[in-house]
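Source file: data_3.cif. Holds: mmCIF, C-alpha atoms.
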```
data_upload
loop_
_atom_site.label_atom_id
_atom_site.label_comp_id
_atom_site.auth_asym_id
_atom_site.auth_seq_id
_atom_site.Cartn_x
_atom_site.Cartn_y
_atom_site.Cartn_z
CA MET A 1 -50.78 19.01 18.55
CA SER A 2 -47.54 19.30 20.46
CA HIS A 3 -44.35 17.80 19.07
CA GLU A 4 -42.55 17.47 22.38
CA ALA A 5 -40.23 14.60 21.39
CA LYS A 6 -39.05 16.37 18.24
CA THR A 7 -38.34 19.54 20.21
CA VAL A 8 -36.42 17.78 22.99
CA VAL A 9 -34.42 15.68 20.52
CA GLY A 10 -33.67 18.77 18.42
CA ARG A 11 -32.24 20.47 21.51
CA LEU A 12 -30.14 17.41 22.27
CA TYR A 13 -28.72 17.29 18.74
CA THR A 14 -27.79 20.98 18.94
CA ALA A 15 -26.00 20.49 22.26
CA TRP A 16 -24.24 17.27 21.19
CA LYS A 17 -23.02 18.81 17.95
CA ALA A 18 -21.50 21.62 20.05
CA ARG A 19 -19.92 18.96 22.33
CA ASP A 20 -21.86 20.51 25.22
CA LEU A 21 -22.53 17.61 27.56
CA ALA A 22 -23.67 20.00 30.30
CA SER A 23 -26.62 20.99 28.07
CA VAL A 24 -27.36 17.38 27.07
CA LEU A 25 -27.70 16.01 30.61
CA PRO A 26 -30.82 17.99 31.70
CA LEU A 27 -32.64 16.50 28.69
CA LEU A 28 -32.12 12.93 29.97
CA SER A 29 -34.32 11.19 32.52
CA ASP A 30 -32.67 9.57 35.53
CA GLU A 31 -33.78 6.19 34.13
CA MET A 32 -32.36 6.84 30.64
CA VAL A 33 -31.52 3.76 28.56
CA PHE A 34 -29.04 4.01 25.68
CA ALA A 35 -29.33 0.91 23.49
CA LEU A 36 -26.43 0.65 21.05
CA HIS A 37 -27.41 -2.01 18.53
CA VAL A 38 -23.90 -3.12 17.61
CA PRO A 39 -22.74 -6.67 18.38
CA ALA A 40 -20.02 -7.01 21.03
CA ASN A 41 -17.68 -8.62 18.48
CA VAL A 42 -17.80 -5.35 16.52
CA LEU A 43 -17.83 -2.91 19.44
CA SER A 44 -17.39 -4.04 23.03
CA VAL A 45 -19.67 -1.31 24.41
CA GLY A 46 -22.62 -2.50 22.32
CA GLY A 47 -25.80 -3.26 24.22
CA GLU A 48 -27.71 -1.25 26.80
CA THR A 49 -26.35 1.40 29.13
CA LYS A 50 -28.87 2.13 31.88
CA GLY A 51 -29.23 5.18 34.09
CA LYS A 52 -28.38 8.83 33.50
CA VAL A 53 -25.02 8.62 35.30
CA ALA A 54 -23.88 5.62 33.25
CA VAL A 55 -25.09 7.23 30.01
CA ALA A 56 -23.29 10.48 30.91
CA THR A 57 -20.09 8.51 31.51
CA ALA A 58 -20.43 6.80 28.12
CA LEU A 59 -21.09 10.11 26.37
CA GLN A 60 -18.09 11.72 28.06
CA ALA A 61 -15.93 8.81 26.87
CA ILE A 62 -17.00 9.55 23.28
CA LEU A 63 -16.17 13.23 23.70
CA ASP A 64 -12.77 12.33 25.17
CA ALA A 65 -11.90 9.85 22.43
CA TYR A 66 -13.10 11.60 19.26
CA ASP A 67 -12.93 14.90 17.43
CA PHE A 68 -16.19 15.74 15.66
CA LEU A 69 -15.47 16.60 12.04
CA ALA A 70 -19.18 16.49 11.14
CA TYR A 71 -22.40 15.77 13.01
CA GLU A 72 -25.47 16.42 10.91
CA PRO A 73 -28.85 15.11 12.02
CA GLY A 74 -31.39 14.84 9.26
CA ARG A 75 -35.00 15.82 9.67
CA VAL A 76 -36.41 14.74 13.02
CA THR A 77 -39.79 13.06 12.66
CA GLY A 78 -42.17 11.99 15.38
CA ASP A 79 -44.84 13.10 17.80
CA ASP A 80 -45.23 13.84 21.51
CA ALA A 81 -43.54 10.68 22.75
CA ARG A 82 -41.30 9.41 19.95
CA ALA A 83 -38.83 10.82 17.48
CA ASN A 84 -36.60 9.38 14.77
CA ALA A 85 -33.70 10.72 12.75
CA GLU A 86 -30.80 9.65 10.62
CA VAL A 87 -27.48 11.26 11.49
CA HIS A 88 -24.43 11.65 9.28
CA PHE A 89 -21.29 11.76 11.39
CA ARG A 90 -17.59 12.00 10.77
CA TYR A 91 -15.42 11.43 13.84
CA ARG A 92 -11.65 11.25 14.16
CA GLN A 93 -10.28 9.02 16.88
CA LYS A 94 -7.78 11.12 18.80
CA ALA A 95 -5.46 8.22 19.66
CA THR A 96 -4.89 7.00 16.10
CA GLY A 97 -6.13 9.73 13.79
CA GLU A 98 -8.41 7.22 12.07
CA VAL A 99 -11.65 8.70 10.70
CA ILE A 100 -15.08 7.12 10.49
CA ASP A 101 -17.56 8.70 8.09
CA SER A 102 -20.92 7.00 8.34
CA ARG A 103 -24.58 7.24 9.26
CA MET A 104 -26.60 6.10 12.23
CA LEU A 105 -30.31 5.78 12.88
CA HIS A 106 -31.83 7.03 16.12
CA SER A 107 -35.16 6.17 17.69
CA TRP A 108 -36.00 8.26 20.78
CA VAL A 109 -38.61 7.95 23.51
CA VAL A 110 -39.52 11.09 25.49
CA GLU A 111 -41.67 11.24 28.62
CA ALA A 112 -42.49 14.39 30.59
CA GLY A 113 -39.99 16.42 28.59
CA ARG A 114 -37.05 14.08 29.25
CA ILE A 115 -35.47 11.42 27.04
CA THR A 116 -36.03 7.97 28.52
CA ARG A 117 -34.58 5.82 25.72
CA LEU A 118 -32.34 6.06 22.70
CA ASP A 119 -31.96 3.15 20.29
CA GLU A 120 -29.01 3.64 17.94
CA TRP A 121 -28.22 1.55 14.85
CA HIS A 122 -25.07 1.84 12.75
CA ASP A 123 -23.87 0.62 9.38
CA LEU A 124 -22.09 -2.42 10.83
CA LYS A 125 -19.73 -2.86 7.88
CA SER A 126 -18.54 0.74 8.21
CA VAL A 127 -18.06 0.42 11.98
CA GLN A 128 -16.24 -2.94 11.64
CA THR A 129 -13.91 -1.53 8.98
CA PHE A 130 -13.15 1.49 11.16
CA PHE A 131 -12.33 -0.56 14.25
CA ASP A 132 -10.22 -2.97 12.18
CA ARG A 133 -8.15 0.02 11.02
CA VAL A 134 -7.91 1.30 14.61
CA ALA A 135 -6.73 -2.12 15.86
CA PHE A 136 -4.16 -2.31 13.06
CA ARG A 137 -2.82 1.19 13.83
CA GLN A 138 -2.65 0.44 17.54
CA ALA A 139 -0.88 -2.89 16.94
CA SER A 140 1.59 -1.24 14.56
CA SER A 141 2.26 1.50 17.08
CA THR A 142 2.87 -1.03 19.87
CA GLN A 143 5.28 -3.07 17.71
CA ARG A 144 7.39 0.02 16.96
CA ARG A 145 8.00 0.72 20.64
#
```
Rendering of file as structure tokens:
Amino acid sequence: MSHEAKTVVGRLYTAWKARDLASVLPLLSDEMVFALHVPANVLSVGGETKGKVAVATALQAILDAYDFLAYEPGRVTGDDARANAEVHFRYRQKATGEVIDSRMLHSWVVEAGRITRLDEWHDLKSVQTFFDRVAFRQASSTQRR
């Protein structure tokens, strides 16, 4: 039995950890959907991003905004068409220096060797606390000017 989804997702994790968007993009289908399951009141970009170009733009924005201090996918489970993993990540926002250290859950769908969908769930309390700190730092910085 082939484990196509696990293989494709494993390649994506390797490329993303290396911050190599050029190696990530060939793994995505043109109809890629990135579903970020975070309410808009926690993170304005929550919801679905549709299409490879839009997903690439969103991924580039993450690379531009954050330093990766850690990105460690756990064991990838799945079969030919689906894969799942839990990822520990530690990112530093470049603008404020604030660090988020948390976990996210990924559920992937792969068709014909390309990723067609990623559903991503976060620890909402951790994300909310991080963005509250970011907002506070940004407000403090603005007031000092």
Atomic separation - CA of Phe131 (chain A) relative to CA of Met104 (chain A), Å: 15.9 Å
For this structure, which residues satisfy the selection - the PyMOL selection byres ((chain A and resi 132-141) around 12) - when it is evaluated on the file as given? I want them as JSON, numbers by chain. {"A": [41, 42, 43, 92, 93, 94, 95, 96, 97, 98, 99, 100, 124, 125, 126, 127, 128, 129, 130, 131, 142, 143, 144, 145]}
Run the PyMOL selection byres ((chain A and resi 81) around 12) mentally over the shown coordinates, then write out the matched residues as a ChimeraX atom specification, using the chain letters and numbers from the document. /A:1-9,77-80,82-84,107-117
Do a neighbour search on His106 (chain A) at 10 Å with only C-alpha atoms, toss out local chain neighbours closer than 4 positions, and write the hits as a PDB file with C-alpha atoms, in the coordinates of the input.
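And here's result12.pdb as it stands now:
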```
ATOM      1  CA  ALA A  35     -29.330   0.910  23.490  1.00  0.00           C
ATOM      2  CA  LEU A  36     -26.430   0.650  21.050  1.00  0.00           C
ATOM      3  CA  PRO A  73     -28.850  15.110  12.020  1.00  0.00           C
ATOM      4  CA  VAL A  76     -36.410  14.740  13.020  1.00  0.00           C
ATOM      5  CA  ALA A  83     -38.830  10.820  17.480  1.00  0.00           C
ATOM      6  CA  ASN A  84     -36.600   9.380  14.770  1.00  0.00           C
ATOM      7  CA  ALA A  85     -33.700  10.720  12.750  1.00  0.00           C
ATOM      8  CA  GLU A  86     -30.800   9.650  10.620  1.00  0.00           C
ATOM      9  CA  VAL A  87     -27.480  11.260  11.490  1.00  0.00           C
ATOM     10  CA  LEU A 118     -32.340   6.060  22.700  1.00  0.00           C
ATOM     11  CA  ASP A 119     -31.960   3.150  20.290  1.00  0.00           C
ATOM     12  CA  GLU A 120     -29.010   3.640  17.940  1.00  0.00           C
ATOM     13  CA  TRP A 121     -28.220   1.550  14.850  1.00  0.00           C
ATOM     14  CA  HIS A 122     -25.070   1.840  12.750  1.00  0.00           C
TER      15      HIS A 122
END
```
Residues matched by the PyMOL selection byres ((chain A and resi 30) around 9), written as a ChimeraX atom specification: /A:28-29,31-32,51-53,114,116
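If all atoms listed in the file are the atoms counted, then among A:Tyr13, A:Thr49, A:Phe89, A:Val24 the closest residue to Ala70 (chain A) is A:Phe89.
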Can you pull out the residues contacting region 44-48 of chain A? Cut-off 8 Å, using only C-alpha atoms, and skip same-chain residues under 5 positions away; I want them as an mmCIF file with C-alpha atoms, in the coordinates of the input.
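Writing the result to around-v7.cif gives the following:
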```cif
data_model
loop_
_atom_site.group_PDB
_atom_site.id
_atom_site.type_symbol
_atom_site.label_atom_id
_atom_site.label_comp_id
_atom_site.auth_asym_id
_atom_site.auth_seq_id
_atom_site.Cartn_x
_atom_site.Cartn_y
_atom_site.Cartn_z
ATOM 1 C CA VAL A 33 -31.520 3.760 28.560
ATOM 2 C CA PHE A 34 -29.040 4.010 25.680
ATOM 3 C CA ALA A 35 -29.330 0.910 23.490
ATOM 4 C CA LEU A 36 -26.430 0.650 21.050
ATOM 5 C CA HIS A 37 -27.410 -2.010 18.530
ATOM 6 C CA VAL A 38 -23.900 -3.120 17.610
ATOM 7 C CA PRO A 39 -22.740 -6.670 18.380
#
```
Distance criterion (all atoms listed in the file): nearest to Thr14 (chain A) out of A:Ser102, A:Glu72, A:Pro26, A:Gln60: A:Glu72
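CA of Leu25 (chain A) is found 26.1 Å from CA of Ala40 (chain A).
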Counting all atoms listed in the file, the residue among A:Ile62, A:Tyr91, A:Leu21, A:Asp123 that lies closest to Arg103 (chain A) is A:Asp123
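Computed from the coordinates, the CA of Ala65 (chain A) to CA of Gly10 (chain A) distance equals 23.9 Å.
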